[in-house]
Amino acid sequence: MKALSLVLATIVMSISVSANAKSVEDADAAKVANCTFLKEVSAITPSGYTRTALGAAMDDARAEAAKLGATHIVWNKVDSANVTSVSGKAYRCGK
C-alpha cells in the first residue's frame, strides 16, 4: 500500500510539473525587456541529439523555470551541432 501511494504521488507530481512547464512561454529579448530576470536554467538531453530528446530537455528546463515562478524563457543559442544540453534565461513578467 505504501509503495502504491509513492507511485501515485510521483505520477501526480510529474503531471503538475508538466502543466507548470507548459505555462512558461518561449520569448525573445524584446518580449522580456521589462521583465525580472530570475535565473539561468538548463537541462541535459536524455538520449543524445534527437528532436524528441531536445524537446524533453527543453520541457525539463521550462519546468525548472516554472518552479522559480517564471512566465517566460529566452533560449541561449546552440554552439554546436552535437547538442547535449539546452539552457536559457528565466524571467517573470507582469500581466
# chains A, B, ... in the order shown; residues from 1 in each chain; ligands from 1

call {"tool": "residues_around", "arguments": {"residues": "Ala65 in chain A", "least_positions_apart": "3", "cutoff": "8 Å", "atoms": "only C-alpha atoms", "output": "PyMOL selection string"}}
result
chain A and resi 21+24+39+41+61-62+68-71+73+90

call {"tool": "residues_around", "arguments": {"residues": "Asp60 in chain A", "least_positions_apart": "2", "cutoff": "12 Å", "atoms": "only C-alpha atoms", "output": "PyMOL selection string"}}
result
chain A and resi 14+17-22+24+41-46+53-58+62-67+85-88

call {"tool": "write_last_selection", "arguments": {"atoms": "N, CA and C atoms", "output": "short mmCIF file (atom, residue, chain, number, x, y, z; two decimals), in the first residue's frame"}}
result
data_model
loop_
_atom_site.label_atom_id
_atom_site.label_comp_id
_atom_site.auth_asym_id
_atom_site.auth_seq_id
_atom_site.Cartn_x
_atom_site.Cartn_y
_atom_site.Cartn_z
N SER A 14 4.68 14.60 -11.44
CA SER A 14 5.17 14.76 -12.80
C SER A 14 4.12 15.41 -13.69
N VAL A 17 4.19 19.16 -12.76
CA VAL A 17 5.39 19.80 -13.29
C VAL A 17 5.23 20.02 -14.79
N SER A 18 4.69 19.03 -15.50
CA SER A 18 4.47 19.19 -16.93
C SER A 18 3.51 20.34 -17.22
N ALA A 19 2.44 20.44 -16.43
CA ALA A 19 1.48 21.53 -16.61
C ALA A 19 2.14 22.87 -16.34
N ASN A 20 2.95 22.96 -15.29
CA ASN A 20 3.65 24.20 -14.99
C ASN A 20 4.64 24.56 -16.08
N ALA A 21 5.34 23.55 -16.62
CA ALA A 21 6.31 23.80 -17.68
C ALA A 21 5.62 24.41 -18.90
N LYS A 22 4.41 23.96 -19.18
CA LYS A 22 3.68 24.48 -20.33
C LYS A 22 3.24 25.93 -20.13
N VAL A 24 5.20 28.26 -19.08
CA VAL A 24 6.35 29.12 -19.35
C VAL A 24 6.48 29.27 -20.86
N VAL A 41 18.56 28.69 -16.51
CA VAL A 41 18.11 27.31 -16.31
C VAL A 41 18.68 26.44 -17.43
N SER A 42 18.83 25.16 -17.15
CA SER A 42 19.37 24.25 -18.16
C SER A 42 18.91 22.83 -17.89
N ALA A 43 19.08 21.99 -18.90
CA ALA A 43 18.76 20.57 -18.78
C ALA A 43 19.56 19.80 -19.82
N ILE A 44 19.86 18.57 -19.48
CA ILE A 44 20.62 17.69 -20.36
C ILE A 44 19.65 16.91 -21.25
N THR A 45 20.02 16.73 -22.51
CA THR A 45 19.20 15.90 -23.39
C THR A 45 19.34 14.45 -22.91
N PRO A 46 18.23 13.76 -22.72
CA PRO A 46 18.27 12.44 -22.08
C PRO A 46 18.90 11.32 -22.91
N ALA A 53 14.61 14.10 -27.84
CA ALA A 53 15.49 14.36 -26.69
C ALA A 53 15.62 15.87 -26.45
N LEU A 54 15.74 16.63 -27.51
CA LEU A 54 15.84 18.08 -27.38
C LEU A 54 14.55 18.65 -26.78
N GLY A 55 13.40 18.18 -27.25
CA GLY A 55 12.12 18.63 -26.69
C GLY A 55 11.97 18.28 -25.23
N ALA A 56 12.42 17.08 -24.85
CA ALA A 56 12.34 16.67 -23.44
C ALA A 56 13.23 17.56 -22.57
N ALA A 57 14.43 17.86 -23.05
CA ALA A 57 15.33 18.73 -22.30
C ALA A 57 14.74 20.13 -22.15
N MET A 58 14.13 20.65 -23.20
CA MET A 58 13.51 21.97 -23.13
C MET A 58 12.35 21.96 -22.13
N ARG A 62 12.04 24.23 -18.84
CA ARG A 62 10.83 25.02 -18.58
C ARG A 62 10.26 24.70 -17.20
N ALA A 63 10.28 23.42 -16.82
CA ALA A 63 9.78 23.01 -15.50
C ALA A 63 10.61 23.65 -14.40
N GLU A 64 11.94 23.69 -14.59
CA GLU A 64 12.81 24.35 -13.62
C GLU A 64 12.46 25.84 -13.52
N ALA A 65 12.23 26.47 -14.68
CA ALA A 65 11.86 27.88 -14.70
C ALA A 65 10.52 28.10 -14.00
N ALA A 66 9.57 27.20 -14.23
CA ALA A 66 8.25 27.32 -13.61
C ALA A 66 8.35 27.26 -12.09
N LYS A 67 9.24 26.39 -11.58
CA LYS A 67 9.42 26.29 -10.13
C LYS A 67 9.91 27.61 -9.54
N SER A 85 22.83 19.50 -24.23
CA SER A 85 22.04 20.20 -23.22
C SER A 85 21.46 21.47 -23.83
N VAL A 86 20.46 22.01 -23.14
CA VAL A 86 19.87 23.28 -23.54
C VAL A 86 19.91 24.21 -22.33
N SER A 87 19.93 25.50 -22.59
CA SER A 87 19.89 26.47 -21.50
C SER A 87 19.19 27.74 -21.94
N GLY A 88 18.71 28.47 -20.97
CA GLY A 88 18.04 29.72 -21.26
C GLY A 88 17.90 30.55 -20.02
#

call {"tool": "residues_around", "arguments": {"residues": "Asp26 in chain A", "least_positions_apart": "6", "cutoff": "8 Å", "atoms": "only C-alpha atoms", "output": "PyMOL selection string"}}
result
chain A and resi 72-75

call {"tool": "decode", "arguments": {"residues": "range 26-59 of chain A", "atoms": "N, CA and C atoms", "output": "mmCIF file, in the first residue's frame"}}
result
data_model
loop_
_atom_site.group_PDB
_atom_site.id
_atom_site.type_symbol
_atom_site.label_atom_id
_atom_site.label_comp_id
_atom_site.auth_asym_id
_atom_site.auth_seq_id
_atom_site.Cartn_x
_atom_site.Cartn_y
_atom_site.Cartn_z
ATOM 1 N N ASP A 26 8.050 30.577 -24.496
ATOM 2 C CA ASP A 26 9.292 30.926 -25.168
ATOM 3 C C ASP A 26 9.191 32.391 -25.576
ATOM 4 N N ALA A 27 10.300 33.113 -25.477
ATOM 5 C CA ALA A 27 10.283 34.539 -25.795
ATOM 6 C C ALA A 27 11.621 34.955 -26.393
ATOM 7 N N ASP A 28 11.662 36.189 -26.879
ATOM 8 C CA ASP A 28 12.922 36.769 -27.314
ATOM 9 C C ASP A 28 13.262 37.925 -26.375
ATOM 10 N N ALA A 29 14.426 38.511 -26.552
ATOM 11 C CA ALA A 29 14.895 39.566 -25.648
ATOM 12 C C ALA A 29 13.936 40.751 -25.606
ATOM 13 N N ALA A 30 13.348 41.106 -26.723
ATOM 14 C CA ALA A 30 12.431 42.246 -26.761
ATOM 15 C C ALA A 30 11.194 42.003 -25.901
ATOM 16 N N LYS A 31 10.697 40.777 -25.928
ATOM 17 C CA LYS A 31 9.474 40.465 -25.180
ATOM 18 C C LYS A 31 9.681 40.520 -23.665
ATOM 19 N N VAL A 32 10.915 40.284 -23.197
ATOM 20 C CA VAL A 32 11.181 40.273 -21.759
ATOM 21 C C VAL A 32 11.934 41.523 -21.293
ATOM 22 N N ALA A 33 11.973 42.536 -22.135
ATOM 23 C CA ALA A 33 12.747 43.746 -21.824
ATOM 24 C C ALA A 33 12.321 44.395 -20.510
ATOM 25 N N ASN A 34 11.047 44.332 -20.157
ATOM 26 C CA ASN A 34 10.550 44.949 -18.925
ATOM 27 C C ASN A 34 10.211 43.923 -17.846
ATOM 28 N N CYS A 35 10.816 42.750 -17.946
ATOM 29 C CA CYS A 35 10.549 41.668 -17.004
ATOM 30 C C CYS A 35 11.716 41.510 -16.029
ATOM 31 N N THR A 36 11.501 40.709 -14.997
ATOM 32 C CA THR A 36 12.525 40.459 -13.993
ATOM 33 C C THR A 36 13.264 39.167 -14.316
ATOM 34 N N PHE A 37 14.592 39.276 -14.484
ATOM 35 C CA PHE A 37 15.415 38.090 -14.698
ATOM 36 C C PHE A 37 15.468 37.305 -13.393
ATOM 37 N N LEU A 38 15.246 35.976 -13.481
ATOM 38 C CA LEU A 38 15.265 35.136 -12.292
ATOM 39 C C LEU A 38 16.541 34.309 -12.188
ATOM 40 N N LYS A 39 16.837 33.545 -13.238
ATOM 41 C CA LYS A 39 17.974 32.639 -13.165
ATOM 42 C C LYS A 39 18.198 31.990 -14.523
ATOM 43 N N GLU A 40 19.424 31.563 -14.758
ATOM 44 C CA GLU A 40 19.744 30.744 -15.926
ATOM 45 C C GLU A 40 19.297 29.315 -15.603
ATOM 46 N N VAL A 41 18.563 28.690 -16.508
ATOM 47 C CA VAL A 41 18.108 27.313 -16.314
ATOM 48 C C VAL A 41 18.678 26.443 -17.425
ATOM 49 N N SER A 42 18.834 25.156 -17.146
ATOM 50 C CA SER A 42 19.374 24.250 -18.156
ATOM 51 C C SER A 42 18.906 22.827 -17.891
ATOM 52 N N ALA A 43 19.080 21.993 -18.904
ATOM 53 C CA ALA A 43 18.757 20.573 -18.779
ATOM 54 C C ALA A 43 19.556 19.797 -19.815
ATOM 55 N N ILE A 44 19.857 18.571 -19.478
ATOM 56 C CA ILE A 44 20.616 17.688 -20.364
ATOM 57 C C ILE A 44 19.652 16.911 -21.245
ATOM 58 N N THR A 45 20.020 16.735 -22.514
ATOM 59 C CA THR A 45 19.201 15.898 -23.389
ATOM 60 C C THR A 45 19.335 14.453 -22.915
ATOM 61 N N PRO A 46 18.227 13.756 -22.718
ATOM 62 C CA PRO A 46 18.267 12.436 -22.085
ATOM 63 C C PRO A 46 18.899 11.321 -22.915
ATOM 64 N N SER A 47 18.886 11.436 -24.230
ATOM 65 C CA SER A 47 19.399 10.304 -25.027
ATOM 66 C C SER A 47 20.033 10.789 -26.327
ATOM 67 N N GLY A 48 20.996 11.694 -26.208
ATOM 68 C CA GLY A 48 21.663 12.187 -27.401
ATOM 69 C C GLY A 48 20.848 13.238 -28.123
ATOM 70 N N TYR A 49 21.299 13.589 -29.303
ATOM 71 C CA TYR A 49 20.637 14.656 -30.044
ATOM 72 C C TYR A 49 19.619 14.098 -31.022
ATOM 73 N N THR A 50 18.389 14.107 -30.589
ATOM 74 C CA THR A 50 17.254 13.816 -31.463
ATOM 75 C C THR A 50 16.218 14.893 -31.175
ATOM 76 N N ARG A 51 15.288 15.040 -32.040
ATOM 77 C CA ARG A 51 14.240 16.040 -31.828
ATOM 78 C C ARG A 51 13.481 15.764 -30.531
ATOM 79 N N THR A 52 13.215 14.488 -30.267
ATOM 80 C CA THR A 52 12.496 14.108 -29.053
ATOM 81 C C THR A 52 13.310 14.427 -27.808
ATOM 82 N N ALA A 53 14.612 14.100 -27.840
ATOM 83 C CA ALA A 53 15.488 14.365 -26.689
ATOM 84 C C ALA A 53 15.617 15.866 -26.447
ATOM 85 N N LEU A 54 15.739 16.628 -27.512
ATOM 86 C CA LEU A 54 15.835 18.078 -27.380
ATOM 87 C C LEU A 54 14.554 18.651 -26.778
ATOM 88 N N GLY A 55 13.403 18.183 -27.248
ATOM 89 C CA GLY A 55 12.123 18.630 -26.695
ATOM 90 C C GLY A 55 11.972 18.285 -25.231
ATOM 91 N N ALA A 56 12.417 17.080 -24.845
ATOM 92 C CA ALA A 56 12.339 16.670 -23.439
ATOM 93 C C ALA A 56 13.230 17.555 -22.572
ATOM 94 N N ALA A 57 14.425 17.863 -23.055
ATOM 95 C CA ALA A 57 15.328 18.732 -22.295
ATOM 96 C C ALA A 57 14.738 20.127 -22.148
ATOM 97 N N MET A 58 14.132 20.645 -23.203
ATOM 98 C CA MET A 58 13.506 21.972 -23.132
ATOM 99 C C MET A 58 12.352 21.962 -22.130
ATOM 100 N N ASP A 59 11.574 20.887 -22.112
ATOM 101 C CA ASP A 59 10.484 20.774 -21.128
ATOM 102 C C ASP A 59 11.037 20.737 -19.704
#
